[in-house]
>>> print(open('target.cif').read())   # mmCIF, C-alpha atoms
data_upload
loop_
_atom_site.label_atom_id
_atom_site.label_comp_id
_atom_site.auth_asym_id
_atom_site.auth_seq_id
_atom_site.Cartn_x
_atom_site.Cartn_y
_atom_site.Cartn_z
CA MET A 1 170.41 94.27 212.79
CA SER A 2 166.97 95.04 214.18
CA THR A 3 164.56 92.42 215.49
CA LEU A 4 162.16 93.28 212.65
CA ALA A 5 164.85 92.73 210.02
CA ASN A 6 165.85 89.42 211.63
CA SER A 7 162.24 88.26 211.55
CA LYS A 8 161.87 89.28 207.92
CA ASN A 9 165.04 87.47 206.88
CA ALA A 10 163.96 84.37 208.79
CA LEU A 11 160.60 84.45 206.98
CA ILE A 12 162.32 84.80 203.58
CA THR A 13 164.64 81.91 204.40
CA GLU A 14 161.72 79.76 205.51
CA THR A 15 159.78 80.62 202.34
CA ASN A 16 162.76 79.83 200.12
CA GLN A 17 163.28 76.50 201.89
CA GLN A 18 159.60 75.64 201.43
CA ASN A 19 159.70 76.57 197.74
CA ALA A 20 162.89 74.58 197.20
CA ALA A 21 161.20 71.57 198.80
CA GLU A 22 158.27 72.02 196.42
CA GLY A 23 160.63 72.27 193.44
CA VAL A 24 159.93 75.89 192.53
CA ARG A 25 161.70 79.21 192.94
CA LEU A 26 161.09 82.87 192.08
CA ILE A 27 162.54 83.88 188.69
CA ARG A 28 161.78 86.43 186.00
CA TYR A 29 159.60 85.74 182.96
CA VAL A 30 162.57 86.17 180.64
CA ASP A 31 164.69 83.73 182.68
CA ALA A 32 161.89 81.18 182.57
CA LEU A 33 161.93 81.40 178.79
CA ARG A 34 165.68 80.99 178.67
CA GLU A 35 165.45 77.94 180.92
CA ALA A 36 162.85 76.41 178.61
CA PHE A 37 165.18 76.82 175.61
CA GLU A 38 168.15 75.37 177.49
CA GLN A 39 166.28 72.34 178.80
CA GLU A 40 164.69 71.56 175.44
CA MET A 41 167.97 71.97 173.56
CA GLU A 42 169.62 69.58 176.03
CA ARG A 43 166.77 67.09 175.62
CA ASP A 44 166.43 67.23 171.83
CA GLU A 45 169.34 68.01 169.51
CA ARG A 46 166.87 68.89 166.73
CA VAL A 47 165.91 72.11 168.56
CA PHE A 48 167.71 75.28 167.46
CA ILE A 49 167.02 79.01 167.82
CA PHE A 50 167.76 81.81 165.38
CA GLY A 51 166.70 85.29 164.32
CA LEU A 52 167.79 88.90 164.23
CA ASP A 53 169.91 89.74 167.33
CA VAL A 54 169.61 86.28 168.90
CA ASP A 55 173.42 86.33 169.27
CA ASP A 56 173.50 89.99 170.34
CA HIS A 57 175.36 90.74 173.55
CA LYS A 58 172.05 91.31 175.31
CA GLY A 59 170.39 88.31 173.66
CA ILE A 60 166.71 89.28 173.12
CA GLN A 61 166.42 90.97 176.52
CA GLY A 62 168.41 88.13 178.08
CA SER A 63 166.30 85.22 176.89
CA THR A 64 169.07 83.76 174.70
CA LEU A 65 172.15 84.83 176.67
CA GLY A 66 174.74 82.08 176.99
CA LEU A 67 172.96 79.65 174.69
CA GLN A 68 175.38 80.08 171.80
CA GLU A 69 178.35 79.45 174.12
CA LYS A 70 176.72 76.27 175.38
CA PHE A 71 175.21 74.84 172.20
CA GLY A 72 177.36 76.36 169.47
CA LYS A 73 176.83 78.59 166.47
CA ASP A 74 175.05 75.89 164.49
CA ARG A 75 172.15 75.84 166.96
CA VAL A 76 172.06 79.48 168.13
CA PHE A 77 172.71 82.16 165.53
CA GLY A 78 171.75 85.61 164.27
CA THR A 79 170.31 86.26 160.82
CA PRO A 80 170.12 89.05 158.24
CA LEU A 81 167.23 91.51 158.33
CA SER A 82 165.18 89.34 155.97
CA GLU A 83 162.01 88.14 157.66
CA ASP A 84 160.39 86.51 154.62
CA ALA A 85 163.45 84.49 153.59
CA MET A 86 164.38 83.48 157.15
CA THR A 87 160.82 82.33 157.84
CA GLY A 88 161.09 80.18 154.72
CA VAL A 89 164.29 78.68 156.13
CA ALA A 90 162.50 77.93 159.40
CA ILE A 91 159.57 76.25 157.66
CA GLY A 92 161.86 74.18 155.44
CA ALA A 93 163.92 73.06 158.45
CA ALA A 94 160.76 72.06 160.30
CA MET A 95 159.50 70.08 157.30
CA ALA A 96 162.88 68.31 157.20
CA GLY A 97 162.47 67.10 160.77
CA LEU A 98 164.15 69.81 162.85
CA ARG A 99 162.44 71.90 165.52
CA PRO A 100 163.34 75.55 164.90
CA ILE A 101 162.54 78.48 167.16
CA HIS A 102 162.50 81.61 165.00
CA VAL A 103 162.64 85.02 166.71
CA HIS A 104 161.03 88.22 165.43
CA ILE A 105 162.03 91.07 167.72
CA ARG A 106 158.87 93.00 166.80
CA MET A 107 155.51 91.50 165.88
CA ASP A 108 155.11 94.34 163.39
CA PHE A 109 157.91 92.77 161.30
CA MET A 110 155.93 89.55 160.90
CA LEU A 111 153.78 91.30 158.30
CA LEU A 112 156.78 90.78 156.00
CA CYS A 113 156.49 87.00 156.26
CA MET A 114 152.73 86.45 156.15
CA ASN A 115 152.90 84.50 152.88
CA GLN A 116 155.32 82.01 154.42
CA LEU A 117 153.30 81.60 157.62
CA VAL A 118 149.77 81.69 156.20
CA ASN A 119 150.22 79.97 152.84
CA MET A 120 153.01 77.53 153.70
CA ALA A 121 153.37 76.76 157.42
CA ALA A 122 149.69 76.76 158.33
CA LYS A 123 148.55 74.72 155.32
CA ALA A 124 151.25 72.09 154.87
CA HIS A 125 149.87 69.37 157.16
CA TYR A 126 146.43 69.55 155.56
CA MET A 127 147.56 69.88 151.95
CA TYR A 128 150.00 66.96 152.19
CA ASN A 129 147.33 64.75 153.74
CA GLY A 130 149.07 64.63 157.11
CA GLN A 131 152.39 63.42 155.70
CA VAL A 132 154.17 66.72 156.45
CA SER A 133 154.34 68.50 159.80
CA VAL A 134 155.75 71.93 160.62
CA PRO A 135 156.97 71.84 164.25
CA LEU A 136 157.93 75.51 164.27
CA VAL A 137 157.83 78.07 167.11
CA VAL A 138 157.72 81.72 166.07
CA ARG A 139 158.67 83.95 168.99
CA THR A 140 157.48 87.51 168.62
CA MET A 141 157.62 90.57 170.89
CA ILE A 142 154.92 93.13 171.52
CA GLY A 143 154.54 95.95 174.02
CA ARG A 144 154.76 99.57 174.94
CA SER A 145 156.97 102.19 176.61
CA TRP A 146 159.72 104.43 175.31
CA GLY A 147 157.06 105.79 172.96
CA GLN A 148 157.31 102.84 170.61
CA GLY A 149 154.99 104.36 168.06
CA GLY A 150 152.87 102.97 165.25
CA GLN A 151 155.24 100.42 163.70
CA HIS A 152 156.78 98.94 166.87
CA SER A 153 153.90 98.40 169.25
CA GLN A 154 151.18 96.46 167.48
CA ALA A 155 149.65 93.28 168.86
CA LEU A 156 148.39 91.39 165.80
CA HIS A 157 147.32 88.12 167.42
CA SER A 158 143.82 88.28 165.92
CA LEU A 159 145.32 88.02 162.41
CA PHE A 160 146.89 84.69 163.31
CA MET A 161 143.86 83.45 165.29
CA HIS A 162 141.98 83.73 162.00
CA ILE A 163 144.17 81.18 160.19
CA PRO A 164 143.44 77.42 160.46
CA GLY A 165 146.61 75.49 161.20
CA LEU A 166 148.25 78.05 163.49
CA LYS A 167 148.23 78.02 167.28
CA VAL A 168 148.54 81.34 169.11
CA VAL A 169 149.90 81.63 172.66
CA ALA A 170 150.39 84.73 174.84
CA PRO A 171 151.33 83.76 178.42
CA SER A 172 151.25 86.45 181.11
CA ASN A 173 153.47 84.94 183.83
CA ALA A 174 156.79 83.17 184.23
CA ASN A 175 155.38 79.73 185.03
CA ASP A 176 153.18 79.67 181.94
CA ALA A 177 155.94 81.17 179.80
CA LYS A 178 158.21 78.21 180.53
CA GLY A 179 155.53 75.52 180.38
CA CYS A 180 153.91 76.88 177.22
CA MET A 181 157.25 77.35 175.47
CA ILE A 182 158.20 73.73 176.12
CA ALA A 183 154.78 72.59 174.94
CA ALA A 184 155.12 74.76 171.82
CA ILE A 185 158.56 73.35 170.97
CA ARG A 186 157.23 69.79 171.28
CA ASP A 187 154.06 70.55 169.28
CA ASN A 188 154.03 69.31 165.68
CA ASN A 189 152.13 72.41 164.50
CA PRO A 190 153.39 75.97 163.93
CA VAL A 191 152.90 78.01 167.11
CA ILE A 192 152.95 81.82 167.28
CA PHE A 193 154.40 82.63 170.72
CA ILE A 194 153.69 86.23 171.81
CA GLU A 195 155.81 87.89 174.52
CA HIS A 196 155.00 91.34 175.97
CA ARG A 197 158.12 93.32 176.79
CA LEU A 198 156.77 94.64 180.10
CA LEU A 199 156.36 91.07 181.36
CA TYR A 200 160.02 90.09 180.93
CA ALA A 201 161.07 91.45 184.31
CA VAL A 202 158.06 90.18 186.27
CA ASP A 203 158.88 87.46 188.83
CA GLY A 204 156.95 84.24 189.23
CA TYR A 205 157.32 80.82 190.84
CA VAL A 206 158.58 78.35 188.28
CA PRO A 207 159.52 74.65 188.62
CA TYR A 208 163.19 73.73 188.20
CA GLN A 209 162.20 70.71 186.20
CA SER A 210 161.03 70.67 182.62
CA PHE A 211 157.25 70.60 182.24
CA GLU A 212 154.56 71.25 179.64
CA GLN A 213 151.72 73.72 180.19
CA PRO A 214 148.96 72.29 177.94
CA LEU A 215 148.11 74.57 175.03
CA GLY A 216 144.40 75.37 174.81
CA LYS A 217 143.86 75.58 178.58
CA ALA A 218 142.99 78.87 180.31
CA ARG A 219 143.96 79.80 183.88
CA VAL A 220 141.75 81.33 186.57
CA MET A 221 144.23 83.83 188.04
CA GLN A 222 141.95 85.07 190.84
CA GLU A 223 138.50 83.87 191.85
CA GLY A 224 135.56 86.24 192.32
CA ASP A 225 131.78 86.30 192.27
CA ASP A 226 130.61 89.62 190.83
CA ILE A 227 132.15 89.86 187.37
CA THR A 228 134.41 87.85 185.03
CA ILE A 229 137.33 89.77 183.55
CA ILE A 230 139.14 88.03 180.69
CA ALA A 231 142.47 89.71 180.07
CA ILE A 232 145.05 89.05 177.36
CA SER A 233 148.84 89.17 177.73
CA HIS A 234 149.99 92.21 179.75
CA MET A 235 146.38 93.19 180.40
CA VAL A 236 146.31 90.36 182.94
CA MET A 237 148.62 92.47 185.11
CA GLU A 238 146.36 95.51 184.75
CA ALA A 239 143.26 93.39 185.47
CA LEU A 240 144.82 92.02 188.67
CA ARG A 241 145.47 95.60 189.80
CA ALA A 242 141.92 96.56 188.82
CA LYS A 243 140.66 93.74 191.03
CA LYS A 244 142.28 95.47 194.03
CA HIS A 245 140.57 98.75 193.15
CA LEU A 246 137.21 96.97 192.92
CA GLU A 247 137.68 95.24 196.26
CA THR A 248 137.70 98.65 197.96
CA VAL A 249 134.01 98.99 197.06
CA GLY A 250 133.10 95.39 197.78
CA ILE A 251 133.23 94.01 194.23
CA THR A 252 135.09 90.73 193.66
CA ALA A 253 136.25 90.06 190.11
CA GLU A 254 137.25 86.69 188.69
CA ILE A 255 140.32 87.17 186.50
CA ILE A 256 140.89 84.70 183.65
CA ASP A 257 143.97 84.49 181.46
CA PRO A 258 143.16 82.52 178.27
CA ILE A 259 146.94 81.93 177.79
CA THR A 260 146.25 80.21 174.47
CA LEU A 261 144.29 82.54 172.21
CA TRP A 262 143.80 79.81 169.65
CA PRO A 263 142.49 77.25 170.40
CA LEU A 264 140.38 79.05 173.02
CA ASP A 265 139.36 77.33 176.26
CA MET A 266 135.70 78.34 176.23
CA ASP A 267 134.76 75.80 178.93
CA THR A 268 136.68 77.73 181.60
CA ILE A 269 135.29 81.03 180.35
CA MET A 270 131.69 79.80 180.30
CA GLN A 271 131.93 78.31 183.80
CA SER A 272 133.02 81.67 185.15
CA VAL A 273 130.42 83.67 183.21
CA ALA A 274 127.67 81.32 184.42
CA LYS A 275 128.74 82.12 187.98
CA THR A 276 129.09 85.90 187.72
CA GLY A 277 126.58 86.77 184.97
CA LYS A 278 128.80 89.64 183.81
CA LEU A 279 131.75 89.66 181.43
CA LEU A 280 134.42 92.25 180.66
CA ILE A 281 137.03 91.34 178.02
CA VAL A 282 140.23 93.40 178.06
CA ASP A 283 142.31 92.87 174.96
CA ASN A 284 145.87 93.94 174.32
CA ALA A 285 144.91 95.06 170.83
CA TRP A 286 142.24 96.90 168.86
CA LEU A 287 138.65 95.77 169.21
CA PRO A 288 137.17 95.49 165.65
CA CYS A 289 137.40 91.88 164.36
CA GLY A 290 139.65 91.10 167.30
CA ALA A 291 140.02 88.49 170.03
CA SER A 292 137.43 90.27 172.15
CA SER A 293 134.91 90.04 169.30
CA GLU A 294 135.54 86.31 169.01
CA ILE A 295 135.20 85.62 172.74
CA MET A 296 132.05 87.70 173.05
CA THR A 297 130.49 85.99 170.03
CA LYS A 298 131.27 82.52 171.36
CA VAL A 299 129.72 83.39 174.73
CA TYR A 300 126.59 84.66 172.98
CA GLU A 301 126.36 81.56 170.73
CA HIS A 302 126.82 79.21 173.68
CA CYS A 303 124.06 80.93 175.65
CA MET A 304 121.69 80.88 172.68
CA GLU A 305 122.42 77.22 171.92
CA HIS A 306 121.80 76.12 175.51
CA ASN A 307 118.91 78.50 176.20
CA LEU A 308 120.85 80.40 178.87
CA SER A 309 120.56 84.02 179.96
CA ILE A 310 122.81 86.35 177.99
CA PRO A 311 125.36 87.87 180.41
CA ARG A 312 125.92 91.60 180.60
CA MET A 313 129.04 92.11 178.46
CA ALA A 314 131.55 94.81 177.54
CA ARG A 315 135.04 94.96 176.08
CA MET A 316 138.09 97.20 176.14
CA GLY A 317 141.27 97.51 174.10
CA PHE A 318 143.48 99.94 172.21
CA ALA A 319 141.94 103.22 171.08
CA PHE A 320 141.13 102.80 167.40
CA THR A 321 144.01 104.79 166.04
CA THR A 322 147.68 104.31 165.32
CA CYS A 323 149.67 104.05 168.54
CA PRO A 324 151.05 107.50 169.45
CA THR A 325 154.63 108.04 170.59
CA THR A 326 154.06 110.75 173.19
CA LYS A 327 153.56 109.51 176.74
CA PRO A 328 150.30 111.38 177.53
CA LEU A 329 148.65 110.13 174.34
CA GLU A 330 150.12 106.65 174.81
CA ASN A 331 148.59 106.53 178.29
CA ALA A 332 145.19 107.30 176.76
CA PHE A 333 145.73 104.70 174.04
CA TYR A 334 146.04 101.70 176.42
CA PRO A 335 143.60 100.42 179.04
CA ASP A 336 145.00 100.46 182.57
CA SER A 337 143.92 99.28 185.99
CA LYS A 338 141.81 102.38 186.65
CA THR A 339 139.93 102.35 183.35
CA ILE A 340 139.38 98.59 183.67
CA ALA A 341 138.08 98.94 187.23
CA THR A 342 135.81 101.81 186.23
CA ARG A 343 134.30 99.81 183.37
CA ALA A 344 133.84 96.74 185.56
CA HIS A 345 132.22 98.85 188.27
CA ALA A 346 129.73 100.28 185.75
CA LEU A 347 128.85 96.77 184.54
CA VAL A 348 128.26 95.46 188.05
CA LYS A 349 126.39 98.50 189.38
CA GLN A 350 124.64 99.31 186.08
CA SER A 351 125.45 102.90 186.78
CA ALA A 352 126.22 105.61 184.25
CA GLU A 353 127.84 107.70 186.97
CA ALA A 354 131.63 107.51 186.79
CA TRP A 355 133.36 105.98 189.80
CA GLU A 356 136.24 108.04 191.18
CA ILE A 357 139.11 105.68 192.07
CA GLN A 358 141.40 106.82 194.84
CA GLY A 359 145.17 106.27 194.89
CA ASN A 360 147.80 105.83 192.21
CA ALA A 361 147.67 103.05 189.65
CA GLU A 362 150.79 101.05 190.33
CA THR A 363 152.56 100.19 187.13
CA GLU A 364 155.82 98.70 185.95
CA ILE A 365 155.88 101.01 182.95
CA ASP A 366 157.58 103.84 184.81
CA ALA A 367 160.38 101.49 185.83
CA PHE A 368 160.91 100.07 182.35
CA ARG A 369 164.15 101.32 180.86
CA GLY A 370 164.38 99.11 177.81
CA PRO A 371 166.51 96.10 177.03
CA PHE A 372 169.93 97.76 177.06
#
>>> encode(input="target.cif", output="structure tokens")
Amino acid sequence: MSTLANSKNALITETNQQNAAEGVRLIRYVDALREAFEQEMERDERVFIFGLDVDDHKGIQGSTLGLQEKFGKDRVFGTPLSEDAMTGVAIGAAMAGLRPIHVHIRMDFMLLCMNQLVNMAAKAHYMYNGQVSVPLVVRTMIGRSWGQGGQHSQALHSLFMHIPGLKVVAPSNANDAKGCMIAAIRDNNPVIFIEHRLLYAVDGYVPYQSFEQPLGKARVMQEGDDITIIAISHMVMEALRAKKHLETVGITAEIIDPITLWPLDMDTIMQSVAKTGKLLIVDNAWLPCGASSEIMTKVYEHCMEHNLSIPRMARMGFAFTTCPTTKPLENAFYPDSKTIATRAHALVKQSAEAWEIQGNAETEIDAFRGPF
């Protein structure tokens, strides 16, 4: 073995030893979720998980693998293709004192259970004068690749952000996936937990021990001085890549992941905007009446209320059309690191002249082969 290889292995060993001493290690997003389920099911026998394909041999891209063998078929089980009825079962179980985790393998399918979620789950605590709680987690998957098309790729988080009584979470990394899932399971309110398929294989440092990531708290992913970029779900990955593009021309971007889309942590957002004076919001959804509209409006209202300068603002998201299935059109449909960097550059430089970015935009999409 070469001297270089020996040095590299020694460095990896040293890093692993340091991480072990700090109580963290590198695992995938999907494994962090699975660990959250396992630890919570060990801690609280009221927790159970169910939904279409939960007991499939690949177990929701691996996130539920082995749980049925460990906890039994009464606490981990598949269901018929009946979203409305199964959501009613979940709400009833939660009202009866259990803590269900209900899985929808596509967010698009949740449109079939909106009455249950909006009229029942979200309202119960208020309408029963606080005597009834609905401690329910609804896991739902979004994302792209394989040419998912119009009915399998939508991110509908803004619909749920609109409803009082629901919390909406969309973590972008493994640490927050575990901590937010545990917090969601322990929360006495219904929580919509959004998972982007392209994030499942992304590694992150995650504590061995159980922990809660507080809902309603944003994370500053990278600090910067020239512009604030707020990115949602998988767009955090693209924004972090865009930051590297911008650094080649001397622009430093501050990247913020809201993590919890409702309630929104506007304090963290406003502190960053006050520093940079420029704001780009990159949503993982369409723009009209969306999360980007809400964030931009709140920034404007805050500035007006406190007599502050209005920052220069812009937003990006899906092209306003049904998601195409062909790869070239799909690539044009979604923002990526280059389009984000170009838009941020124009905001900072106030230039109408397009910036030509050199190099390839690294992406995990080309490596994504699906769950099976």
>>> atom_distance(input="target.cif", atom1="CA of Asn307 (chain A)", atom2="CA of Ile256 (chain A)")
24.0 Å
>>> closest_residue(input="target.cif", among="A:Gly165, A:Glu223, A:Gln61, A:His302", to="Met127 (chain A)", atoms="all atoms listed in the file")
A:Gly165
>>> resolve_selection(input="target.cif", expression="the PyMOL selection byres ((chain A and resi 117) around 10)", output="list in words")
Asp84, Thr87, Gly88, Ile91, Met110, Leu111, Leu112, Cys113, Met114, Asn115, Gln116, Val118, Asn119, Met120, Ala121, Ala122, Lys123, Val138, Phe160, Ile163, Gly165, Leu166, Pro190 and Ile192 of chain A
>>> closest_residue(input="target.cif", among="A:Phe193, A:Trp146, A:Tyr128, A:Phe77", to="Pro324 (chain A)", atoms="all atoms listed in the file")
A:Trp146
>>> resolve_selection(input="target.cif", expression="the PyMOL selection byres ((chain A and resi 139) around 7)", output="PDB file with C-alpha atoms, in the coordinates of the input")
ATOM      1  CA  ILE A 101     162.540  78.480 167.160  1.00  0.00           C
ATOM      2  CA  HIS A 102     162.500  81.610 165.000  1.00  0.00           C
ATOM      3  CA  VAL A 103     162.640  85.020 166.710  1.00  0.00           C
ATOM      4  CA  HIS A 104     161.030  88.220 165.430  1.00  0.00           C
ATOM      5  CA  VAL A 137     157.830  78.070 167.110  1.00  0.00           C
ATOM      6  CA  VAL A 138     157.720  81.720 166.070  1.00  0.00           C
ATOM      7  CA  THR A 140     157.480  87.510 168.620  1.00  0.00           C
ATOM      8  CA  MET A 141     157.620  90.570 170.890  1.00  0.00           C
ATOM      9  CA  ILE A 192     152.950  81.820 167.280  1.00  0.00           C
ATOM     10  CA  PHE A 193     154.400  82.630 170.720  1.00  0.00           C
ATOM     11  CA  ILE A 194     153.690  86.230 171.810  1.00  0.00           C
TER      12      ILE A 194
END
>>> residues_around(input="target.cif", residues="Met95 (chain A)", least_positions_apart="4", cutoff="8 Å", atoms="all atoms listed in the file", output="VMD selection string")
chain A and resid 91 132 to 135
>>> closest_residue(input="target.cif", among="A:Thr342, A:Asn284, A:Gln68, A:Asn129", to="Ile142 (chain A)", atoms="all atoms listed in the file")
A:Asn284
>>> resolve_selection(input="target.cif", expression="the PyMOL selection byres ((chain A and resi 238-249) around 10)", output="NGL selection string")
:A and (221-222 or 224 or 229-237 or 250-257 or 281-282 or 335-345 or 357-359 or 361-363)
>>> closest_residue(input="target.cif", among="A:Tyr126, A:Phe109, A:Tyr300, A:Tyr334", to="Leu156 (chain A)", atoms="all atoms listed in the file")
A:Phe109
>>> atom_distance(input="target.cif", atom1="CA of Gln350 (chain A)", atom2="CA of Met316 (chain A)")
16.9 Å
>>> closest_residue(input="target.cif", among="A:Asp176, A:Glu212, A:Asp203, A:Glu330", to="Ile259 (chain A)", atoms="all atoms listed in the file")
A:Asp176
